[in-house]
Amino acid sequence: MIPYGRQSIEESDIAAVVATLHSDWLTQGPRVAAFEAAVAGWCGARYAYAVHCATSALHIACLALGLGPGKRLWTTPNTFVASANCGRYCGAQVDFVDIDPRSYCLSADALEIKLVVAAAAGALPDVLVGVDFAGQPCDWQRIADLCRRYGVRIIDDASHALGATYRERPVGCGDWADITVFSFHPVKILTSAEGGMALTNDPAIAARLEMLRNHGVVRSPERLEFPAEGAWYYEQQALGFNYRMSDVHAALGCSQMQRLPAFLQRRRALARRYDELLREFPVQRPWQDAAAQSSFHLYPILLADSRERRAVFDAMRADDIGVQVHYIPVHLQPDYRRLGFASGDFPTAEAYYQRTLTLPLHAGLSDAEQDYVVASLARALSVKSVRPSRAA
Ligand SMILES: *Cc1c(COP(=O)(O)O)cnc(C)c1O
C-alpha cells in the first residue's frame, strides 16, 4: 500500500532515540527543552511547550485563553474533530464558520458575516480556531483584523503547517494568532511518534500553558502564591493535566527537526510534480495563495462530479493506493448532530467534502510511486491522453 502520509525514519532518528534510552532522563527533560527551542527558533516564537499530542495542546490552549462554560469557540468544519472537541473539553459551546471555496480553510468572508450577526445578538465567540488546511495558511491578516475588532482570541491549529509561511513569515511566529499548535503525529510534516506543541509570544499565556500541561503545578519561586516552605515546595494553582511529552519522543522530534528543510523541499517538489502530471486531468488541483507557501501536508484534489468519488476511491484502493478523504465535515458527525447541527448548515464545506480526494504525499514518496498513483487515477477517471511522466 502506498499510504497517503507516512513518517520518514532514518538511522540518525533511531540513534537519537536509543541514546535517550541510555540516558538519565526518560520523561520530560533536556531533550524536551531542546525540541521546544528548535521549533520556537524555526518559527521565531518566544515560548513553546511540548505536550504528548496536538489535541492536548489545543485543550490547554483553549484553557489558557480563558475558555470555559458559557463561552464560545468557533472553528472550521473542514478539519479533524480535535479542532472542535477542544472547546467542548472546556465546557464551551462550539460552532463553525464555513470554508473558503479556494483554500478550503475557514472563510474570512463567512467569518465577517457571522461576527456581525453574533455581535447584534450578543453572542460573539471568545476563541476562534483557524486550521491551516493541508499546509495552506488561512487568510490570517483578514481573520486577525476581524478578531481584533470583535475581541476574539485566536488559536492557529497548524497541525498541517509546520514549515509553511504566510506573508514571508513562518507559521507559528505569533504575528496573527495568540497561540499556534503543531502536531507531530506520524502522518504530519515531522514526527515524534505522538506529540504536539503550543507556541505563543505572550508571557501570561505561556505561564498558563506551562502550568496546565503539568497538573497545574508551579515551582518557580517568583510565581508562588505562598512563601516557599523549602526546596521541595510546589503549588497546584489550577486544575491541570499530565500532558507532558517524554524525552524519548522529544529526541525523535529533535532529530526530525534537523530534517525539516529536506522534508519541506521534497513535499513541495512532489506537489509541483502532481500539478504538472495532473494538468490535463478533469480535476481541480490545490489552489496556492500567492502570499503564502504551503507545507503540503496533503494534496487534496476535487473531482469534477461527486458521484464518481466513491468509484475512484475504491478503484485506487484496489490498486493498493492509500487515498483518503479529508475531511468529513465535523458538524455532520453524529456526536455533533446531537448538538443540533444538520446537513446544509455549512454548504461550502459539505460540497467540498462530496468531491474531495487526498492523493499520497509524504517525504518518502518516490517519483515512481507518484507516477503509479497518477496512472491509477487516470485509469479510474478514464483519462486517455496521460502525458508521459518526465521521470519514466
Ligand atoms: C492531526 C490533527 C490534530 C490532532 O493531532 P494529534 O497530535 O494526533 O492530537 C488536530 N488538528 C488537526 C487539523 C490535525 O490534522
# chains A, B, ... in the order shown; residues from 1 in each chain; ligands from 1
call {"tool": "residues_near_ligand", "arguments": {"ligand": "ligand 1", "cutoff": "9 Å", "atoms": "only C-alpha atoms and all ligand atoms", "output": "PyMOL selection string"}}
result
chain A and resi 52-58+78-84+131-134+157-160+181-188+194-197+297
call {"tool": "residues_around", "arguments": {"residues": "region 374-384 of chain A", "least_positions_apart": "5", "cutoff": "7 Å", "atoms": "only C-alpha atoms", "output": "list in words"}}
result
Phe281, Val312, Ala315, Met316 and Asp319 of chain A
call {"tool": "closest_atom_pairs", "arguments": {"of": "region 19-107 of chain A", "to": "region 238-242 of chain A", "cutoff": "12 Å", "atoms": "only C-alpha atoms", "output": "CSV"}}
result
residue,atom,partner,partner_atom,distance
A:Thr27,CA,A:Asn242,CA,11.4
A:Gln28,CA,A:Asn242,CA,11.0
A:Ala50,CA,A:Asn242,CA,11.8
A:Val51,CA,A:Asn242,CA,8.8
A:His52,CA,A:Asn242,CA,9.0
A:Cys53,CA,A:Asn242,CA,11.6
A:Ser56,CA,A:Phe241,CA,9.1
A:Ala57,CA,A:Phe241,CA,11.0
A:His59,CA,A:Phe241,CA,10.1
A:Ile60,CA,A:Gly240,CA,8.4
A:Ala61,CA,A:Gly240,CA,12.0
A:Leu63,CA,A:Gly240,CA,9.6
A:Ala64,CA,A:Gly240,CA,10.7
A:Cys90,CA,A:Leu239,CA,11.7
call {"tool": "residues_around", "arguments": {"residues": "Ala262 (chain A)", "least_positions_apart": "3", "cutoff": "12 Å", "atoms": "only C-alpha atoms", "output": "compact mmCIF listing (two decimals) with N, CA and C atoms, in the first residue's frame"}}
result
# COMPACT_ATOMS: atom_id res chain seq x y z
N SER A 8 9.04 9.44 7.98
CA SER A 8 10.33 9.11 7.37
C SER A 8 11.33 8.97 8.50
N GLY A 163 6.45 24.64 9.01
CA GLY A 163 7.31 24.95 7.86
C GLY A 163 6.63 25.80 6.80
N ILE A 189 4.02 16.71 9.15
CA ILE A 189 5.24 17.12 8.46
C ILE A 189 6.48 16.44 9.06
N LEU A 190 6.54 16.38 10.38
CA LEU A 190 7.58 15.58 11.02
C LEU A 190 6.97 14.93 12.26
N GLN A 256 14.27 14.88 13.97
CA GLN A 256 13.45 15.17 12.78
C GLN A 256 13.50 16.66 12.42
N MET A 257 13.63 17.53 13.43
CA MET A 257 13.71 18.97 13.15
C MET A 257 14.90 19.28 12.23
N GLN A 258 15.98 18.51 12.38
CA GLN A 258 17.15 18.73 11.51
C GLN A 258 16.83 18.38 10.07
N ARG A 259 15.83 17.54 9.89
CA ARG A 259 15.47 17.10 8.54
C ARG A 259 14.32 17.91 7.96
N GLN A 265 11.18 20.50 1.31
CA GLN A 265 11.62 20.57 -0.09
C GLN A 265 11.02 19.41 -0.89
N ARG A 266 11.05 18.21 -0.31
CA ARG A 266 10.53 17.04 -1.03
C ARG A 266 9.01 17.14 -1.19
N ARG A 267 8.31 17.54 -0.14
CA ARG A 267 6.85 17.67 -0.24
C ARG A 267 6.47 18.69 -1.32
N ARG A 268 7.18 19.81 -1.34
CA ARG A 268 6.85 20.85 -2.32
C ARG A 268 7.19 20.40 -3.73
N ALA A 269 8.28 19.66 -3.88
CA ALA A 269 8.65 19.16 -5.22
C ALA A 269 7.60 18.16 -5.71
N SER A 295 3.07 23.98 3.33
CA SER A 295 3.98 22.90 3.72
C SER A 295 3.56 21.58 3.06
N HIS A 362 4.09 12.36 0.82
CA HIS A 362 4.92 12.38 2.03
C HIS A 362 6.38 12.36 1.59
N ALA A 363 7.26 12.69 2.52
CA ALA A 363 8.66 12.92 2.15
C ALA A 363 9.32 11.68 1.56
N GLY A 364 8.81 10.49 1.90
CA GLY A 364 9.43 9.27 1.41
C GLY A 364 8.83 8.75 0.11
call {"tool": "atom_distance", "arguments": {"atom1": "CA of Thr348 (chain A)", "atom2": "CA of Ile328 (chain A)"}}
result
12.4 Å
call {"tool": "closest_residue", "arguments": {"among": "A:Ala38, A:Cys254, A:Ala161, A:Met211", "to": "Leu298 (chain A)", "atoms": "only C-alpha atoms"}}
result
A:Ala161
